[in-house]
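Trainee: The structure file model-v7.txt (compact mmCIF, C-alpha atoms and all ligand atoms) is provided below.
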# COMPACT_ATOMS: atom_id res chain seq x y z
CA MET A 10 131.01 21.01 107.57
CA LYS A 11 131.27 19.78 111.15
CA CYS A 12 128.55 20.51 113.71
CA ARG A 13 130.92 22.37 116.00
CA SER A 14 132.30 24.63 113.30
CA LEU A 15 128.75 25.65 112.53
CA LEU A 16 128.11 27.04 115.98
CA ARG A 17 129.85 30.37 115.63
CA PHE A 18 127.77 31.24 112.56
CA LEU A 19 124.36 30.57 114.05
CA SER A 20 123.41 34.04 115.23
CA ASP A 21 124.30 35.54 111.84
CA TYR A 22 122.57 32.61 110.16
CA VAL A 23 119.21 33.22 111.80
CA ASP A 24 119.57 36.93 110.93
CA GLY A 25 120.22 36.03 107.30
CA ASP A 26 123.49 37.89 107.70
CA LEU A 27 125.95 35.38 106.24
CA PRO A 28 127.62 35.29 102.85
CA THR A 29 125.54 33.15 100.50
CA ALA A 30 128.14 30.37 100.25
CA THR A 31 128.38 29.98 104.05
CA ALA A 32 124.62 30.05 104.47
CA ARG A 33 124.28 27.39 101.77
CA ARG A 34 126.81 25.15 103.51
CA ILE A 35 124.85 25.43 106.74
CA GLY A 36 121.60 24.74 104.91
CA ASP A 37 123.13 21.66 103.27
CA HIS A 38 124.42 20.44 106.63
CA ASN A 39 121.00 20.95 108.23
CA ARG A 40 119.34 18.73 105.71
CA VAL A 41 121.41 15.79 106.91
CA CYS A 42 121.91 16.69 110.60
CA PRO A 43 118.88 16.60 112.90
CA THR A 44 120.95 17.91 115.84
CA CYS A 45 121.86 21.13 114.13
CA ARG A 46 118.39 21.44 112.68
CA ARG A 47 117.01 21.27 116.20
CA VAL A 48 119.58 23.73 117.59
CA ILE A 49 118.76 26.27 114.90
CA GLN A 50 115.02 25.78 115.34
CA THR A 51 115.31 26.43 119.09
CA LEU A 52 117.56 29.43 118.49
CA LYS A 53 115.05 30.87 116.04
CA THR A 54 112.29 30.31 118.60
CA ALA A 55 114.28 32.13 121.28
CA VAL A 56 114.86 35.11 118.97
CA LEU A 57 111.22 35.05 117.88
CA CYS A 58 110.08 35.09 121.52
CA LEU A 59 112.11 38.26 122.07
CA LYS A 60 110.87 39.86 118.87
CA ASN A 61 107.26 39.12 119.89
CA THR A 62 107.66 40.57 123.38
CA PRO A 63 104.72 42.90 123.92
CA ARG A 64 105.74 46.56 123.88
CA LEU A 65 105.34 48.48 127.11
CA HIS A 66 104.04 52.01 127.36
CA ALA A 67 104.93 54.45 130.09
CA ALA A 68 102.01 54.73 132.50
CA ALA A 69 100.20 58.08 132.62
CA ARG A 70 101.37 58.57 136.20
CA ALA A 71 105.03 58.09 135.25
CA ARG A 72 104.61 60.45 132.29
CA ARG A 73 103.09 63.17 134.47
CA ALA A 74 105.79 62.76 137.13
CA LEU A 75 108.49 63.17 134.49
CA ARG A 76 106.89 66.36 133.09
CA ARG A 77 106.67 67.83 136.58
CA LYS A 78 110.34 67.12 137.23
CA ILE A 79 111.36 68.63 133.89
CA ALA A 80 109.30 71.76 134.56
CA ALA A 81 110.83 72.07 138.03
CA LEU A 82 114.35 71.69 136.68
CA ARG A 83 114.61 75.16 135.08
CA ARG A 84 117.75 74.18 133.26
CA PRO A 85 119.97 77.22 133.14
CA GLY A 86 120.07 78.05 129.45
CA PRO A 87 121.37 81.06 127.58
CA PRO A 88 119.33 84.21 128.27
CA ARG A 89 116.04 84.32 126.35
CA THR A 90 115.78 86.92 123.66
CA MET B 1 104.45 71.03 114.23
CA LEU B 2 108.12 71.83 114.71
CA SER B 3 110.81 69.59 113.26
CA GLU B 4 113.05 67.60 115.58
CA PRO B 5 116.12 69.84 114.98
CA ALA B 6 113.97 72.89 115.78
CA LEU B 7 112.72 71.27 118.99
CA ILE B 8 116.29 70.40 119.95
CA GLU B 9 117.37 74.00 119.32
CA LYS B 10 114.54 75.33 121.50
CA SER B 11 115.35 72.77 124.21
CA LYS B 12 118.93 74.01 124.18
CA GLN B 13 117.53 77.46 124.93
CA GLY B 14 115.82 76.00 128.03
CA ASP B 15 112.33 75.56 126.51
CA ALA B 16 110.71 72.81 128.60
CA GLU B 17 107.67 72.64 126.29
CA ALA B 18 109.87 71.89 123.30
CA PHE B 19 111.71 69.26 125.32
CA SER B 20 108.38 67.67 126.31
CA SER B 21 107.59 67.26 122.62
CA LEU B 22 110.90 65.43 122.22
CA ILE B 23 110.12 63.23 125.23
CA ARG B 24 106.81 62.26 123.63
CA ARG B 25 108.66 60.92 120.59
CA TYR B 26 111.05 58.72 122.53
CA GLU B 27 109.59 57.90 125.93
CA ASP B 28 108.00 54.59 125.01
CA LYS B 29 111.29 53.35 123.55
CA ILE B 30 113.25 54.33 126.66
CA TYR B 31 110.57 52.99 128.97
CA ASN B 32 110.53 49.73 127.07
CA LEU B 33 114.32 49.38 127.19
CA ALA B 34 114.50 50.17 130.91
CA HIS B 35 111.72 47.74 131.81
CA HIS B 36 113.11 44.88 129.75
CA VAL B 37 116.66 45.34 130.97
CA CYS B 38 115.49 45.80 134.60
CA ALA B 39 112.52 43.44 134.41
CA SER B 40 113.02 42.21 137.96
CA ALA B 41 113.10 45.76 139.35
CA PRO B 42 110.24 47.82 137.87
CA ALA B 43 110.81 50.68 140.32
CA GLU B 44 114.42 51.01 139.13
CA ALA B 45 113.21 50.88 135.55
CA ASP B 46 110.81 53.76 136.23
CA ASP B 47 113.71 55.69 137.76
CA ILE B 48 115.88 55.04 134.73
CA TYR B 49 113.11 56.21 132.40
CA GLN B 50 112.82 59.49 134.31
CA GLU B 51 116.54 59.90 134.92
CA THR B 52 117.28 59.45 131.21
CA PHE B 53 115.20 62.46 130.22
CA LEU B 54 116.21 64.59 133.19
CA SER B 55 119.84 63.95 132.39
CA ALA B 56 119.23 64.56 128.68
CA TYR B 57 117.54 67.88 129.44
CA LYS B 58 120.50 68.96 131.57
CA LYS B 59 123.00 67.88 128.90
CA ILE B 60 121.11 68.80 125.74
CA GLY B 61 123.58 71.66 125.20
CA GLN B 62 126.23 69.01 124.52
CA PHE B 63 124.09 67.15 121.98
CA ARG B 64 125.71 67.33 118.55
CA ALA B 65 123.48 67.94 115.56
CA ASP B 66 125.29 65.30 113.50
CA SER B 67 124.14 62.45 115.75
CA GLN B 68 120.71 60.92 116.20
CA LEU B 69 118.71 61.98 119.24
CA GLY B 70 117.30 58.45 119.66
CA THR B 71 120.80 56.96 119.72
CA TRP B 72 121.89 59.56 122.25
CA LEU B 73 118.91 58.89 124.53
CA TYR B 74 119.35 55.13 124.29
CA ARG B 75 123.00 55.64 125.25
CA ILE B 76 122.07 57.61 128.37
CA ALA B 77 119.48 54.99 129.35
CA ALA B 78 121.84 52.08 128.66
CA ASN B 79 124.51 53.70 130.83
CA LEU B 80 122.03 54.15 133.66
CA CYS B 81 120.94 50.50 133.38
CA TRP B 82 124.54 49.38 133.37
CA MET B 83 125.53 51.50 136.38
CA ARG B 84 122.60 50.23 138.44
CA LEU B 85 122.82 46.59 137.51
CA ARG B 86 126.53 45.87 137.20
CA LYS B 87 126.83 45.23 140.94
CA LYS B 88 123.83 42.94 141.07
CA ARG B 89 125.27 40.00 139.23
CA ARG B 90 124.43 36.93 141.24
CA GLU B 91 126.67 34.37 139.66
CA PRO B 92 129.31 34.29 136.97
CA PHE B 93 127.90 33.99 133.51
CA VAL B 94 128.99 30.99 131.52
CA PRO B 95 127.97 31.49 127.94
CA ILE B 96 126.70 28.30 126.40
CA LEU B 97 128.81 27.84 123.32
CA ASP B 98 128.62 24.14 122.94
CA LEU B 99 126.21 21.83 121.20
CA PRO B 100 123.49 20.13 123.22
CA ASP B 101 124.08 16.63 124.50
CA ALA B 102 122.78 13.55 122.75
CA GLY B 103 119.50 13.60 124.67
CA GLU B 104 118.31 16.47 122.59
CA HIS B 105 118.88 14.68 119.33
CA ARG B 106 116.12 12.16 119.55
CA HIS B 107 113.20 14.45 119.06
CA THR B 108 113.31 15.68 115.56
CA GLY B 109 109.65 16.44 114.99
CA ALA B 110 108.52 19.96 114.26
CA PRO B 111 106.48 21.01 117.31
CA LEU B 112 107.30 24.67 116.80
CA ASP B 113 106.09 24.70 113.23
CA LYS B 114 102.91 23.01 114.37
CA MET B 115 102.61 25.54 117.15
CA LYS B 116 102.61 28.38 114.64
CA SER B 117 99.93 26.81 112.45
CA HIS B 118 97.62 26.12 115.40
CA ALA B 119 97.77 29.55 116.94
CA ASP B 120 94.18 29.36 118.20
CA ASP B 121 94.61 26.00 119.95
CA PRO B 122 94.62 26.67 123.76
CA ALA B 123 97.34 24.07 124.41
CA LYS B 124 99.56 25.65 121.78
CA LEU B 125 98.88 29.11 123.14
CA ALA B 126 99.86 27.91 126.60
CA GLN B 127 103.04 26.47 125.18
CA LYS B 128 103.80 29.74 123.44
CA LYS B 129 103.31 31.60 126.72
CA GLU B 130 105.57 29.15 128.54
CA LEU B 131 108.28 29.63 125.90
CA ARG B 132 108.05 33.39 126.19
CA GLN B 133 108.19 33.31 129.99
CA THR B 134 111.20 31.01 129.89
CA VAL B 135 113.00 33.39 127.55
CA GLU B 136 112.10 36.35 129.78
CA ARG B 137 113.53 34.57 132.83
CA ALA B 138 116.66 33.56 130.94
CA LEU B 139 117.11 37.16 129.81
CA GLU B 140 117.20 38.20 133.46
CA GLU B 141 120.00 35.72 134.11
CA LEU B 142 122.26 37.35 131.55
CA PRO B 143 124.81 39.92 132.75
CA VAL B 144 123.63 43.40 131.96
CA GLU B 145 126.15 43.98 129.13
CA TYR B 146 124.73 40.98 127.27
CA ARG B 147 121.15 41.73 128.17
CA LEU B 148 121.43 45.27 126.82
CA VAL B 149 122.55 43.97 123.44
CA ALA B 150 119.81 41.33 123.31
CA VAL B 151 117.09 43.82 124.26
CA LEU B 152 118.31 46.52 121.87
CA SER B 153 118.59 44.03 119.03
CA ASP B 154 115.72 41.62 119.42
CA ILE B 155 113.15 43.54 121.45
CA GLU B 156 113.84 47.10 120.28
CA GLY B 157 114.69 45.89 116.78
CA LEU B 158 117.74 48.11 116.30
CA PRO B 159 120.44 47.30 113.72
CA ASN B 160 123.82 46.18 115.03
CA ASP B 161 125.64 49.32 113.87
CA GLU B 162 123.30 51.53 115.89
CA ILE B 163 123.73 49.27 118.93
CA ALA B 164 127.49 49.68 118.50
CA ARG B 165 127.10 53.47 118.59
CA ILE B 166 124.77 53.33 121.60
CA LEU B 167 127.03 51.08 123.65
CA ASN B 168 130.28 52.47 122.28
CA LEU B 169 131.37 49.04 121.10
CA SER B 170 132.85 47.75 117.87
CA LEU B 171 130.50 45.95 115.48
CA PRO B 172 132.24 42.58 116.09
CA ALA B 173 131.85 43.09 119.84
CA VAL B 174 128.10 43.69 119.44
CA LYS B 175 127.73 40.61 117.26
CA SER B 176 129.72 38.49 119.68
CA ARG B 177 127.62 39.54 122.66
CA LEU B 178 124.41 39.02 120.73
CA HIS B 179 125.58 35.60 119.64
CA ARG B 180 126.44 34.53 123.18
CA ALA B 181 123.26 35.97 124.63
CA ARG B 182 121.10 34.20 122.06
CA LEU B 183 122.85 30.87 122.53
CA PHE B 184 122.32 31.19 126.26
CA LEU B 185 118.60 31.82 125.76
CA ARG B 186 118.44 28.95 123.31
CA ASP B 187 120.02 26.67 125.87
CA ARG B 188 117.42 27.61 128.47
CA LEU B 189 114.65 26.98 125.98
CA SER B 190 115.81 23.62 124.74
CA PRO B 191 114.46 21.39 127.57
CA LEU B 192 111.05 22.93 127.03
CA VAL B 193 111.08 22.34 123.31
CA LYS B 194 112.34 18.83 123.85
CA GLY B 195 109.63 18.16 126.42
CA HIS B 196 106.88 19.26 124.08
CA ALA B 197 108.33 17.31 121.21
CA SER B 198 108.09 14.01 122.99
ZN ZN C 1 125.25 19.08 112.73
Can the structure from this file be put into structure tokens for me?
Mentor:
Amino acid sequence: MKCRSLLRFLSDYVDGDLPTATARRIGDHNRVCPTCRRVIQTLKTAVLCLKNTPRLHAAARARRALRRKIAALRRPGPPRT
Amino acid sequence: MLSEPALIEKSKQGDAEAFSSLIRRYEDKIYNLAHHVCASAPAEADDIYQETFLSAYKKIGQFRADSQLGTWLYRIAANLCWMRLRKKRREPFVPILDLPDAGEHRHTGAPLDKMKSHADDPAKLAQKKELRQTVERALEELPVEYRLVAVLSDIEGLPNDEIARILNLSLPAVKSRLHRARLFLRDRLSPLVKGHAS
């Protein structure tokens, strides 16, 4: 397997989303190719950074403002029974 | 506590209380998406968070019971992000789809593995922070259609088939955008990794 032909598989590779045979070929190539090993390591780090991004929570002020707007909206619905 | 379908039914009848219960279930997800896609414009992100639920409340009558409410809300939010950001692209995006040059080859140590095993070391923590900030900045450089896929996949943790439904794309299109986005982020990260390896 050539380095360049490996490139298009990398995203699926780090997701573990490749057919076993293809994943094994990439794994075999990595053992002998420091360049690709490094590329995959950096790619994994990039994905890991995203996955570890701290989750944000809507501030209380934003939550209250949204509730007020919803209450003020009085969406015309079917008549209440 | 009422089930989600029951809350949706009541919301369709104009029950704001029921709709507020639905908001509670999804607002952190929508807030998170808006703020990561519009990281450089927090005020816009706040608007998108509010606008998503206001728009959903107005359109809840059109919501079909056979789809997922979360998917539907993400779709509204993603559309709002896209409409606000599509005009803001500063420069054309050139996805990095090539291998790094030879300079990157020389450092074949395992600084990242070491980094993980020394999580309490201040220098390693600083490096971790630097990596994360670099990825955050690189994410902002991506065009919104790529950024949406990266955020939905790798920050929100959604499967590709759900992202396809949210963005109304084919599965191969989602994978292709994710691939390009990730390679771009990887490219931005590589000088940093190289620097720390030497
Ligand atoms: Zn190689």
Trainee: Ligand ZN 1 (chain C): which residues are within 8 Å, counting all atoms listed in the file, as an mmCIF file with C-alpha atoms, in the coordinates of the input?
Mentor:
data_model
loop_
_atom_site.group_PDB
_atom_site.id
_atom_site.type_symbol
_atom_site.label_atom_id
_atom_site.label_comp_id
_atom_site.auth_asym_id
_atom_site.auth_seq_id
_atom_site.Cartn_x
_atom_site.Cartn_y
_atom_site.Cartn_z
ATOM 1 C CA MET A 10 131.010 21.010 107.570
ATOM 2 C CA LYS A 11 131.270 19.780 111.150
ATOM 3 C CA CYS A 12 128.550 20.510 113.710
ATOM 4 C CA ARG A 13 130.920 22.370 116.000
ATOM 5 C CA LEU A 15 128.750 25.650 112.530
ATOM 6 C CA HIS A 38 124.420 20.440 106.630
ATOM 7 C CA ASN A 39 121.000 20.950 108.230
ATOM 8 C CA VAL A 41 121.410 15.790 106.910
ATOM 9 C CA CYS A 42 121.910 16.690 110.600
ATOM 10 C CA PRO A 43 118.880 16.600 112.900
ATOM 11 C CA THR A 44 120.950 17.910 115.840
ATOM 12 C CA CYS A 45 121.860 21.130 114.130
ATOM 13 C CA ARG A 46 118.390 21.440 112.680
#
Trainee: Please, what distance in Å, to one decimal, runs between CA of Leu2 (chain B) and CA of Asp161 (chain B)?
Mentor: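 According to the coordinates, CA of Leu2 (chain B) and CA of Asp161 (chain B) are separated by 28.5 Å.
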Trainee: Contacts of Lys10 (chain B) at 12 Å or less, counting only C-alpha atoms, minus same-chain residues fewer than 3 places along, as a PyMOL selection string?
Mentor: (chain A and resi 86-87+89-90) or (chain B and resi 2-7+13-22+57+60-61)
Trainee: Could you give me, as a tab-separated table, a per-residue list for chain B showing, wherever an atom lies at most 6 Å from an atom of chain A, the closest pair of atoms and their distance in Å to one decimal, using only C-alpha atoms and sorting by chain then residue number from low to high?
Mentor:
residue	atom	partner	partner_atom	distance
B:Gln13	CA	A:Gly86	CA	5.2
B:Gly14	CA	A:Gly86	CA	4.9
B:Asp28	CA	A:His66	CA	5.3
B:Tyr31	CA	A:Ala67	CA	5.9
B:Asn32	CA	A:Leu65	CA	5.3
B:Gln50	CA	A:Leu75	CA	5.7
B:His105	CA	A:Thr44	CA	5.2
B:Arg132	CA	A:Cys58	CA	5.4
B:Asp154	CA	A:Lys60	CA	5.2
B:Ile155	CA	A:Lys60	CA	5.0
B:His179	CA	A:Ser20	CA	5.2
B:Arg186	CA	A:Leu52	CA	4.9
Trainee: Create the file for the chosen residues now, containing C-alpha atoms and written as a PDB file, keeping the file's coordinate frame.
Mentor:
ATOM      1  CA  GLN B  13     117.530  77.460 124.930  1.00  0.00           C
ATOM      2  CA  GLY B  14     115.820  76.000 128.030  1.00  0.00           C
ATOM      3  CA  ASP B  28     108.000  54.590 125.010  1.00  0.00           C
ATOM      4  CA  TYR B  31     110.570  52.990 128.970  1.00  0.00           C
ATOM      5  CA  ASN B  32     110.530  49.730 127.070  1.00  0.00           C
ATOM      6  CA  GLN B  50     112.820  59.490 134.310  1.00  0.00           C
ATOM      7  CA  HIS B 105     118.880  14.680 119.330  1.00  0.00           C
ATOM      8  CA  ARG B 132     108.050  33.390 126.190  1.00  0.00           C
ATOM      9  CA  ASP B 154     115.720  41.620 119.420  1.00  0.00           C
ATOM     10  CA  ILE B 155     113.150  43.540 121.450  1.00  0.00           C
ATOM     11  CA  HIS B 179     125.580  35.600 119.640  1.00  0.00           C
ATOM     12  CA  ARG B 186     118.440  28.950 123.310  1.00  0.00           C
TER      13      ARG B 186
END
Trainee: For a quick check of understanding, using all atoms listed in the file, which of B:Pro122, B:Pro42, B:Pro159, B:Pro143 has the smallest distance to Thr71 (chain B)?
Mentor: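 For Thr71 (chain B), the nearest of the candidates is B:Pro159.
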Trainee: When you draw a straight line from CA of Pro172 (chain B) to CA of Ala77 (chain B), how long is it in Å?
Mentor: 22.2 Å
Trainee: Once you count only C-alpha atoms, which residues end up no further than 12 Å from (118.7, 35.4, 132.7) in the file's frame, shown as a PyMOL selection string?
Mentor: chain B and resi 36-40+89-95+133-148+150+181-189
Trainee: Find the distance between CA of Ala65 (chain B) and CA of Arg165 (chain B) and write it in Å to one decimal.
Mentor: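 Pair CA of Ala65 (chain B) / CA of Arg165 (chain B) returns 15.2 Å.
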Trainee: Which residue, B:Ala173, B:Leu192, B:Ile166, B:Val151, has the smallest gap to Lys129 (chain B) when you use only C-alpha atoms?
Mentor: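 The closest residue to Lys129 (chain B) is B:Leu192.
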Trainee: Which residue gives the smallest distance to Phe63 (chain B) among B:Ile48, B:Leu178, B:Ile76, B:Ala123, with only C-alpha atoms counted?
Mentor: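 Using only C-alpha atoms, the shortest distance to Phe63 (chain B) belongs to B:Ile76.
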Trainee: Quick one: region 167-179 of chain B with N, CA and C atoms, as an mmCIF file, keeping the file's coordinate frame?
Mentor:
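The resulting file, rebuild.cif, is reproduced below:
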data_model
loop_
_atom_site.group_PDB
_atom_site.id
_atom_site.type_symbol
_atom_site.label_atom_id
_atom_site.label_comp_id
_atom_site.auth_asym_id
_atom_site.auth_seq_id
_atom_site.Cartn_x
_atom_site.Cartn_y
_atom_site.Cartn_z
ATOM 1 N N LEU B 167 126.258 51.677 122.556
ATOM 2 C CA LEU B 167 127.030 51.080 123.650
ATOM 3 C C LEU B 167 128.527 51.373 123.534
ATOM 4 N N ASN B 168 128.878 52.139 122.491
ATOM 5 C CA ASN B 168 130.280 52.470 122.280
ATOM 6 C C ASN B 168 131.146 51.215 122.158
ATOM 7 N N LEU B 169 130.668 50.295 121.342
ATOM 8 C CA LEU B 169 131.370 49.040 121.100
ATOM 9 C C LEU B 169 131.676 48.932 119.604
ATOM 10 N N SER B 170 132.616 48.046 119.279
ATOM 11 C CA SER B 170 132.850 47.750 117.870
ATOM 12 C C SER B 170 131.715 46.853 117.369
ATOM 13 N N LEU B 171 131.534 46.817 116.053
ATOM 14 C CA LEU B 171 130.500 45.950 115.480
ATOM 15 C C LEU B 171 130.751 44.467 115.818
ATOM 16 N N PRO B 172 132.002 43.978 115.707
ATOM 17 C CA PRO B 172 132.240 42.580 116.090
ATOM 18 C C PRO B 172 131.911 42.303 117.560
ATOM 19 N N ALA B 173 132.152 43.290 118.420
ATOM 20 C CA ALA B 173 131.850 43.090 119.840
ATOM 21 C C ALA B 173 130.336 42.966 120.058
ATOM 22 N N VAL B 174 129.565 43.778 119.330
ATOM 23 C CA VAL B 174 128.100 43.690 119.440
ATOM 24 C C VAL B 174 127.638 42.317 118.969
ATOM 25 N N LYS B 175 128.161 41.898 117.817
ATOM 26 C CA LYS B 175 127.730 40.610 117.260
ATOM 27 C C LYS B 175 128.096 39.456 118.191
ATOM 28 N N SER B 176 129.268 39.548 118.780
ATOM 29 C CA SER B 176 129.720 38.490 119.680
ATOM 30 C C SER B 176 128.830 38.405 120.916
ATOM 31 N N ARG B 177 128.503 39.566 121.473
ATOM 32 C CA ARG B 177 127.620 39.540 122.660
ATOM 33 C C ARG B 177 126.236 39.035 122.310
ATOM 34 N N LEU B 178 125.739 39.466 121.149
ATOM 35 C CA LEU B 178 124.410 39.020 120.730
ATOM 36 C C LEU B 178 124.393 37.511 120.528
ATOM 37 N N HIS B 179 125.444 37.024 119.900
ATOM 38 C CA HIS B 179 125.580 35.600 119.640
ATOM 39 C C HIS B 179 125.551 34.797 120.950
#
